[in-house]
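Structure first, commentary second.
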Amino acid sequence: MRWNARAYDSSFGYVSAQGAPLVELLDPQPGERVLDLGCGTGVLSGEIALRGAYVLGIDGSQAMIETAIAQFPRLDFTVGDGHDFTVAQPFDAVFSNAALHWMSRDPDAVIDSVRDALRPGGRFVAELGGAGNCAALTSAMLTAWREHGLREPELPWFFPSPAEYAVRLERAGFTLRILEHFDRPTPLDECPNGAADWVRMFAGSLLDGVPPATVEPLLRRVNELAAPALRNDSGWMADYVRLRFAAVRH
């Protein structure tokens with residue numbers, strides 16, 4: 001997945017803004033060591049650091065990390081893969097907002113890497129897309145691809161049910177403290193082209209195999225299909241469903 005860091009912060013800044021309750025759930029303490037997994041442009045890493053914690057931000061996107069370093073030069077950031085990252089010293093907490101669902105190749109490997117990065121008793125506090133996330137958006141995409149005679153795209157996300165993710169966490173050596181699964185319909189205020197803009201940002205890699213002349217009519221059709229569910233008098237909405245949890249390593 002190629003990320004446009006500038007567009008991410010300007011048009012999709014709600015991703016970081018909605019992470020504030022998750023920072024409260026983490027409740028970082030002065031002197032704690034916190035790893036921000038999938039830190040993006042570092043906005044929430046900065047919020048955690050303001051609480052007095054040492055923060056290391058990790059993200060798979062070089063562009064995101066470069067932006068994070070430019071915005072928060074006093075914090076530590078590095079490019080890394082959530083499936084197999086390692087740390088030199090254990091952390092008190094691993095935090096992750098709106099990133100785990102992108103680490104879809106092997107979710108258990110991600111959880112194992114988090115466990116190995118934590119001290120015993122360390123906590124894992126995160127929010128990701130849960131079962132049902134973007135159902136109307138993805139349905140519109142799949143239908144539009146099919147109508148244009150394109151091979152059905154392999155969606156790049158992992159949206160688990162609460163039960164499924166609880167089993168994965170407990171199997172890996174975590175004890176769950178909190179697990180919430182909830183709707184979060186989100187206005188796409190900065191997306192004048194609605195669902196099409198969302199697809200360009202969050203599913204742009206799926207357009208790579210589409211003939212260039214087909215991209216615009218394909219995205220127009222996505223908008224037509226998604227509009228009944230996601231567009232109203234006030235504009236476009238994204239049909240987000242979130243899974244938020246706090247767990248402690250044995």
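As shown in the structure tokens, the chain order sets the letters A, B, ...; within each chain, residues go from 1, and ligands are also counted from 1 in the order they appear.
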
| said: When DSSP is applied to the backbone of this structure, which of range 154-222 of chain A are assigned alpha helix (DSSP H)? Write them out as number ranges by chain. | reply: A: 162-171, 195-202, 212-222

| said: Report as a ChimeraX atom specification all protein, DNA and RNA residues lying within 8 Å of range 96-108 of chain A, evaluated on only C-alpha atoms, omitting residues in the same chain fewer than 4 positions from it. | reply: /A:15-16,19,22,36-39,82-83,112,125-129,156-159,168,172

| field | Option closest in space to Glu24 in chain A, from A:Met201, A:Pro120, A:Phe95, A:Pro73 [counting only C-alpha atoms] | value |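 When distances to Glu24 in chain A are compared using only C-alpha atoms, the smallest one comes from A:Phe95.
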
Per residue of range 83-149 of chain A within 12 Å of range 209-214 of chain A, which atom pair is closest and at what distance in Å (one decimal), using only C-alpha atoms, listed by chain and increasing number, as JSON lines?
{"residue": "A:Ala144", "atom": "CA", "partner": "A:Thr214", "partner_atom": "CA", "distance": 11.0}
{"residue": "A:Trp145", "atom": "CA", "partner": "A:Val210", "partner_atom": "CA", "distance": 9.2}
{"residue": "A:Glu147", "atom": "CA", "partner": "A:Thr214", "partner_atom": "CA", "distance": 11.6}
{"residue": "A:His148", "atom": "CA", "partner": "A:Thr214", "partner_atom": "CA", "distance": 8.1}
{"residue": "A:Gly149", "atom": "CA", "partner": "A:Val210", "partner_atom": "CA", "distance": 10.4}

Those residues you just picked out, can you put them in a file as a short mmCIF file (atom, residue, chain, number, x, y, z; two decimals), in the first residue's frame with all heavy atoms?
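Contents of part.cif, as written:
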data_model
loop_
_atom_site.label_atom_id
_atom_site.label_comp_id
_atom_site.auth_asym_id
_atom_site.auth_seq_id
_atom_site.Cartn_x
_atom_site.Cartn_y
_atom_site.Cartn_z
N ALA A 144 -19.03 -2.78 -8.50
CA ALA A 144 -18.52 -1.96 -9.61
C ALA A 144 -17.44 -2.70 -10.39
O ALA A 144 -17.42 -2.68 -11.63
CB ALA A 144 -17.99 -0.64 -9.07
N TRP A 145 -16.55 -3.35 -9.69
CA TRP A 145 -15.50 -4.13 -10.37
C TRP A 145 -16.13 -5.21 -11.25
O TRP A 145 -15.74 -5.39 -12.39
CB TRP A 145 -14.58 -4.76 -9.33
CG TRP A 145 -13.24 -4.10 -9.16
CD1 TRP A 145 -12.03 -4.58 -9.56
CD2 TRP A 145 -12.96 -2.84 -8.52
NE1 TRP A 145 -11.02 -3.71 -9.20
CE2 TRP A 145 -11.56 -2.63 -8.56
CE3 TRP A 145 -13.75 -1.87 -7.90
CZ2 TRP A 145 -10.94 -1.50 -8.03
CZ3 TRP A 145 -13.14 -0.75 -7.37
CH2 TRP A 145 -11.76 -0.57 -7.44
N GLU A 147 -19.21 -5.34 -12.49
CA GLU A 147 -19.96 -4.77 -13.61
C GLU A 147 -19.04 -4.32 -14.75
O GLU A 147 -19.46 -4.32 -15.91
CB GLU A 147 -20.79 -3.58 -13.12
CG GLU A 147 -21.98 -3.97 -12.27
CD GLU A 147 -22.80 -2.76 -11.84
OE1 GLU A 147 -22.39 -1.62 -12.13
OE2 GLU A 147 -23.85 -2.96 -11.22
N HIS A 148 -17.81 -3.95 -14.40
CA HIS A 148 -16.86 -3.51 -15.44
C HIS A 148 -16.03 -4.68 -15.99
O HIS A 148 -15.07 -4.45 -16.73
CB HIS A 148 -15.94 -2.42 -14.89
CG HIS A 148 -16.57 -1.05 -14.90
ND1 HIS A 148 -17.46 -0.64 -13.94
CD2 HIS A 148 -16.45 -0.01 -15.77
CE1 HIS A 148 -17.85 0.59 -14.20
NE2 HIS A 148 -17.27 1.00 -15.30
N GLY A 149 -16.43 -5.89 -15.64
CA GLY A 149 -15.75 -7.06 -16.18
C GLY A 149 -14.36 -7.27 -15.62
O GLY A 149 -13.54 -7.97 -16.23
#

| field | strand (DSSP E) positions in range 160-219 of chain A, given as a ChimeraX atom specification | value | /A:174-187

Take the residues from that selection and write them out as a compact mmCIF listing (two decimals), in the first residue's frame, keeping all heavy atoms.
# COMPACT_ATOMS: atom_id res chain seq x y z
N PHE A 174 -2.27 -13.21 26.18
CA PHE A 174 -2.83 -11.97 26.72
C PHE A 174 -4.10 -12.26 27.51
O PHE A 174 -4.84 -13.20 27.21
CB PHE A 174 -3.18 -11.00 25.60
CG PHE A 174 -1.99 -10.33 24.97
CD1 PHE A 174 -1.40 -10.86 23.83
CD2 PHE A 174 -1.46 -9.16 25.51
CE1 PHE A 174 -0.30 -10.24 23.24
CE2 PHE A 174 -0.37 -8.54 24.93
CZ PHE A 174 0.22 -9.08 23.79
N THR A 175 -4.36 -11.41 28.51
CA THR A 175 -5.63 -11.42 29.23
C THR A 175 -6.39 -10.16 28.84
O THR A 175 -5.87 -9.04 28.99
CB THR A 175 -5.40 -11.43 30.75
OG1 THR A 175 -4.70 -12.61 31.11
CG2 THR A 175 -6.74 -11.38 31.48
N LEU A 176 -7.58 -10.31 28.32
CA LEU A 176 -8.38 -9.16 27.92
C LEU A 176 -8.95 -8.44 29.13
O LEU A 176 -9.46 -9.06 30.05
CB LEU A 176 -9.54 -9.61 27.02
CG LEU A 176 -9.29 -9.62 25.52
CD1 LEU A 176 -10.44 -10.32 24.81
CD2 LEU A 176 -9.13 -8.19 25.00
N ARG A 177 -8.87 -7.13 29.10
CA ARG A 177 -9.49 -6.30 30.13
C ARG A 177 -10.74 -5.60 29.60
O ARG A 177 -11.73 -5.46 30.31
CB ARG A 177 -8.50 -5.24 30.63
CG ARG A 177 -7.23 -5.79 31.23
CD ARG A 177 -7.49 -6.59 32.48
NE ARG A 177 -6.26 -6.83 33.22
CZ ARG A 177 -6.09 -7.84 34.06
NH1 ARG A 177 -7.09 -8.71 34.25
NH2 ARG A 177 -4.96 -8.00 34.71
N ILE A 178 -10.66 -5.14 28.36
CA ILE A 178 -11.77 -4.42 27.72
C ILE A 178 -11.84 -4.85 26.26
O ILE A 178 -10.81 -4.98 25.60
CB ILE A 178 -11.56 -2.89 27.79
CG1 ILE A 178 -11.59 -2.39 29.23
CG2 ILE A 178 -12.60 -2.13 26.95
CD1 ILE A 178 -11.18 -0.94 29.39
N LEU A 179 -13.05 -5.06 25.75
CA LEU A 179 -13.25 -5.36 24.33
C LEU A 179 -14.59 -4.76 23.93
O LEU A 179 -15.63 -5.14 24.46
CB LEU A 179 -13.24 -6.87 24.08
CG LEU A 179 -13.40 -7.33 22.64
CD1 LEU A 179 -12.22 -6.86 21.78
CD2 LEU A 179 -13.50 -8.85 22.56
N GLU A 180 -14.56 -3.81 22.99
CA GLU A 180 -15.76 -3.12 22.54
C GLU A 180 -15.86 -3.20 21.03
O GLU A 180 -14.86 -3.08 20.33
CB GLU A 180 -15.71 -1.64 22.95
CG GLU A 180 -15.58 -1.40 24.44
CD GLU A 180 -15.36 0.07 24.76
OE1 GLU A 180 -14.44 0.68 24.17
OE2 GLU A 180 -16.12 0.60 25.60
N HIS A 181 -17.08 -3.38 20.54
CA HIS A 181 -17.34 -3.45 19.09
C HIS A 181 -18.50 -2.50 18.83
O HIS A 181 -19.60 -2.68 19.34
CB HIS A 181 -17.72 -4.90 18.73
CG HIS A 181 -17.88 -5.16 17.27
ND1 HIS A 181 -18.98 -5.82 16.77
CD2 HIS A 181 -17.09 -4.89 16.21
CE1 HIS A 181 -18.85 -5.93 15.45
NE2 HIS A 181 -17.71 -5.37 15.10
N PHE A 182 -18.26 -1.45 18.03
CA PHE A 182 -19.28 -0.40 17.93
C PHE A 182 -19.24 0.28 16.56
O PHE A 182 -18.20 0.30 15.89
CB PHE A 182 -19.08 0.65 19.04
CG PHE A 182 -17.71 1.29 19.07
CD1 PHE A 182 -17.47 2.48 18.42
CD2 PHE A 182 -16.67 0.68 19.76
CE1 PHE A 182 -16.21 3.07 18.44
CE2 PHE A 182 -15.40 1.26 19.79
CZ PHE A 182 -15.17 2.46 19.14
N ASP A 183 -20.40 0.81 16.18
CA ASP A 183 -20.50 1.58 14.94
C ASP A 183 -19.91 2.97 15.14
O ASP A 183 -20.09 3.58 16.19
CB ASP A 183 -21.97 1.74 14.52
CG ASP A 183 -22.60 0.42 14.11
OD1 ASP A 183 -21.87 -0.48 13.66
OD2 ASP A 183 -23.84 0.30 14.23
N ARG A 184 -19.21 3.45 14.10
CA ARG A 184 -18.75 4.83 14.13
C ARG A 184 -18.92 5.45 12.74
O ARG A 184 -17.96 5.61 11.98
CB ARG A 184 -17.28 4.94 14.55
CG ARG A 184 -16.85 6.42 14.67
CD ARG A 184 -15.35 6.57 14.75
NE ARG A 184 -14.88 6.32 16.09
CZ ARG A 184 -13.69 5.79 16.37
NH1 ARG A 184 -12.88 5.44 15.40
NH2 ARG A 184 -13.31 5.61 17.61
N PRO A 185 -20.16 5.78 12.35
CA PRO A 185 -20.35 6.46 11.07
C PRO A 185 -19.58 7.77 11.08
O PRO A 185 -19.67 8.55 12.03
CB PRO A 185 -21.86 6.68 11.00
CG PRO A 185 -22.36 6.52 12.41
CD PRO A 185 -21.41 5.60 13.10
N THR A 186 -18.79 8.00 10.04
CA THR A 186 -17.84 9.11 10.04
C THR A 186 -18.04 9.99 8.82
O THR A 186 -17.95 9.51 7.68
CB THR A 186 -16.40 8.55 10.04
OG1 THR A 186 -16.22 7.73 11.22
CG2 THR A 186 -15.38 9.68 10.05
N PRO A 187 -18.30 11.29 9.02
CA PRO A 187 -18.45 12.19 7.87
C PRO A 187 -17.17 12.28 7.06
O PRO A 187 -16.08 12.41 7.61
CB PRO A 187 -18.77 13.54 8.53
CG PRO A 187 -19.23 13.22 9.91
CD PRO A 187 -18.49 11.98 10.31

Which residues are close to Met237 in chain A, i.e. within 10 Å by only C-alpha atoms, leaving aside same-chain residues fewer than 2 positions away? Reply as an mmCIF file with N, CA, C and O atoms, in the first residue's frame.
data_model
loop_
_atom_site.group_PDB
_atom_site.id
_atom_site.type_symbol
_atom_site.label_atom_id
_atom_site.label_comp_id
_atom_site.auth_asym_id
_atom_site.auth_seq_id
_atom_site.Cartn_x
_atom_site.Cartn_y
_atom_site.Cartn_z
ATOM 1 N N LEU A 137 -19.302 0.358 1.645
ATOM 2 C CA LEU A 137 -18.233 0.787 0.751
ATOM 3 C C LEU A 137 -17.661 -0.381 -0.036
ATOM 4 O O LEU A 137 -17.495 -0.310 -1.255
ATOM 5 N N ARG A 184 -19.212 3.455 14.099
ATOM 6 C CA ARG A 184 -18.746 4.829 14.125
ATOM 7 C C ARG A 184 -18.925 5.451 12.736
ATOM 8 O O ARG A 184 -17.955 5.607 11.977
ATOM 9 N N PRO A 185 -20.157 5.780 12.353
ATOM 10 C CA PRO A 185 -20.346 6.465 11.069
ATOM 11 C C PRO A 185 -19.582 7.770 11.077
ATOM 12 O O PRO A 185 -19.675 8.553 12.029
ATOM 13 N N THR A 186 -18.794 7.996 10.042
ATOM 14 C CA THR A 186 -17.837 9.106 10.040
ATOM 15 C C THR A 186 -18.038 9.991 8.824
ATOM 16 O O THR A 186 -17.953 9.509 7.684
ATOM 17 N N PRO A 187 -18.295 11.292 9.019
ATOM 18 C CA PRO A 187 -18.450 12.190 7.869
ATOM 19 C C PRO A 187 -17.168 12.276 7.055
ATOM 20 O O PRO A 187 -16.079 12.407 7.607
ATOM 21 N N LEU A 188 -17.313 12.195 5.747
ATOM 22 C CA LEU A 188 -16.182 12.379 4.839
ATOM 23 C C LEU A 188 -16.211 13.829 4.338
ATOM 24 O O LEU A 188 -16.413 14.108 3.158
ATOM 25 N N ASP A 189 -15.997 14.741 5.293
ATOM 26 C CA ASP A 189 -16.174 16.168 5.008
ATOM 27 C C ASP A 189 -15.227 16.686 3.939
ATOM 28 O O ASP A 189 -15.552 17.616 3.212
ATOM 29 N N CYS A 191 -14.027 15.059 1.375
ATOM 30 C CA CYS A 191 -14.049 14.187 0.194
ATOM 31 C C CYS A 191 -15.153 14.650 -0.755
ATOM 32 O O CYS A 191 -16.272 14.112 -0.728
ATOM 33 N N GLY A 194 -16.722 11.916 -2.579
ATOM 34 C CA GLY A 194 -17.322 10.867 -1.784
ATOM 35 C C GLY A 194 -16.545 9.579 -1.707
ATOM 36 O O GLY A 194 -15.343 9.561 -1.426
ATOM 37 N N ALA A 195 -17.252 8.475 -1.974
ATOM 38 C CA ALA A 195 -16.649 7.156 -1.863
ATOM 39 C C ALA A 195 -15.453 7.010 -2.798
ATOM 40 O O ALA A 195 -14.490 6.304 -2.471
ATOM 41 N N ALA A 226 -22.774 3.329 -3.838
ATOM 42 C CA ALA A 226 -22.637 3.583 -2.403
ATOM 43 C C ALA A 226 -23.569 4.686 -1.911
ATOM 44 O O ALA A 226 -23.915 4.731 -0.725
ATOM 45 N N ALA A 227 -23.979 5.570 -2.821
ATOM 46 C CA ALA A 227 -24.729 6.758 -2.408
ATOM 47 C C ALA A 227 -26.004 6.457 -1.605
ATOM 48 O O ALA A 227 -26.263 7.135 -0.598
ATOM 49 N N ALA A 229 -26.727 4.322 0.581
ATOM 50 C CA ALA A 229 -26.439 3.982 1.977
ATOM 51 C C ALA A 229 -25.590 5.036 2.675
ATOM 52 O O ALA A 229 -25.700 5.218 3.900
ATOM 53 N N LEU A 230 -24.760 5.755 1.918
ATOM 54 C CA LEU A 230 -23.714 6.556 2.555
ATOM 55 C C LEU A 230 -23.795 8.052 2.267
ATOM 56 O O LEU A 230 -22.976 8.810 2.766
ATOM 57 N N ARG A 231 -24.768 8.478 1.461
ATOM 58 C CA ARG A 231 -24.869 9.904 1.170
ATOM 59 C C ARG A 231 -26.215 10.422 1.639
ATOM 60 O O ARG A 231 -27.249 9.802 1.392
ATOM 61 N N ASN A 232 -26.199 11.556 2.345
ATOM 62 C CA ASN A 232 -27.443 12.192 2.768
ATOM 63 C C ASN A 232 -27.334 13.698 2.528
ATOM 64 O O ASN A 232 -26.393 14.159 1.881
ATOM 65 N N SER A 234 -26.394 16.045 4.307
ATOM 66 C CA SER A 234 -25.209 16.703 4.867
ATOM 67 C C SER A 234 -23.917 16.244 4.219
ATOM 68 O O SER A 234 -22.850 16.775 4.531
ATOM 69 N N GLY A 235 -23.997 15.252 3.337
ATOM 70 C CA GLY A 235 -22.784 14.809 2.645
ATOM 71 C C GLY A 235 -22.574 13.309 2.749
ATOM 72 O O GLY A 235 -23.497 12.547 3.045
ATOM 73 N N ASP A 239 -19.017 4.083 6.580
ATOM 74 C CA ASP A 239 -19.707 3.185 7.511
ATOM 75 C C ASP A 239 -18.693 2.369 8.322
ATOM 76 O O ASP A 239 -18.564 1.162 8.178
ATOM 77 N N TYR A 240 -18.006 3.076 9.220
ATOM 78 C CA TYR A 240 -16.981 2.425 10.025
ATOM 79 C C TYR A 240 -17.593 1.653 11.189
ATOM 80 O O TYR A 240 -18.576 2.076 11.806
#

| query | Which one is closest to Pro160 in chain A: A:Ala136, A:Leu218, A:Ala131, A:Val248? Count only C-alpha atoms. | reply | A:Ala131

| query | Just how far from CA of Asp59 in chain A is CA of Ala117 in chain A, in Å to one decimal? | reply | 15.1 Å

| said: Considering only C-alpha atoms, can you say which of A:Cys134, A:Ile48, A:Ile69, A:Val222 comes closest to Arg146 in chain A? | reply: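 Looking at the shortest contact to Arg146 in chain A, the residue is A:Val222.
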
| field | Spatial neighbours of Arg51 in chain A, max dist 10 Å, only C-alpha atoms, sep filter under 3 positions, as a list in words | value |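 With the cut-off at 10 Å, the set is Val23, Asp27, Pro28, Gln29, Pro30, Gly31, Glu32, Gly46, Glu47, Ile48 and Tyr54 of chain A.
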
| message | Ranking A:Ala135, A:Met141, A:Ala63, A:Ala166 by minimum distance to Val241 in chain A and counting only C-alpha atoms, which one comes first? | response | A:Ala135

| What's the 8 Å shell around Arg249 in chain A, counting only C-alpha atoms, without same-chain residues fewer than 4 positions away, as a VMD selection string? | chain A and resid 115 118 to 124 173 to 175

| request: Calculate how many Å separate CA of Asp81 in chain A from CA of Gly52 in chain A, rounding to one decimal. | output: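 One can read the CA of Asp81 in chain A to CA of Gly52 in chain A distance as 26.1 Å.
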
| Shortest interatomic distance to Pro217 in chain A - which of A:Ala246, A:Ala196, A:Ala203, A:Val87, counting only C-alpha atoms | A:Ala196
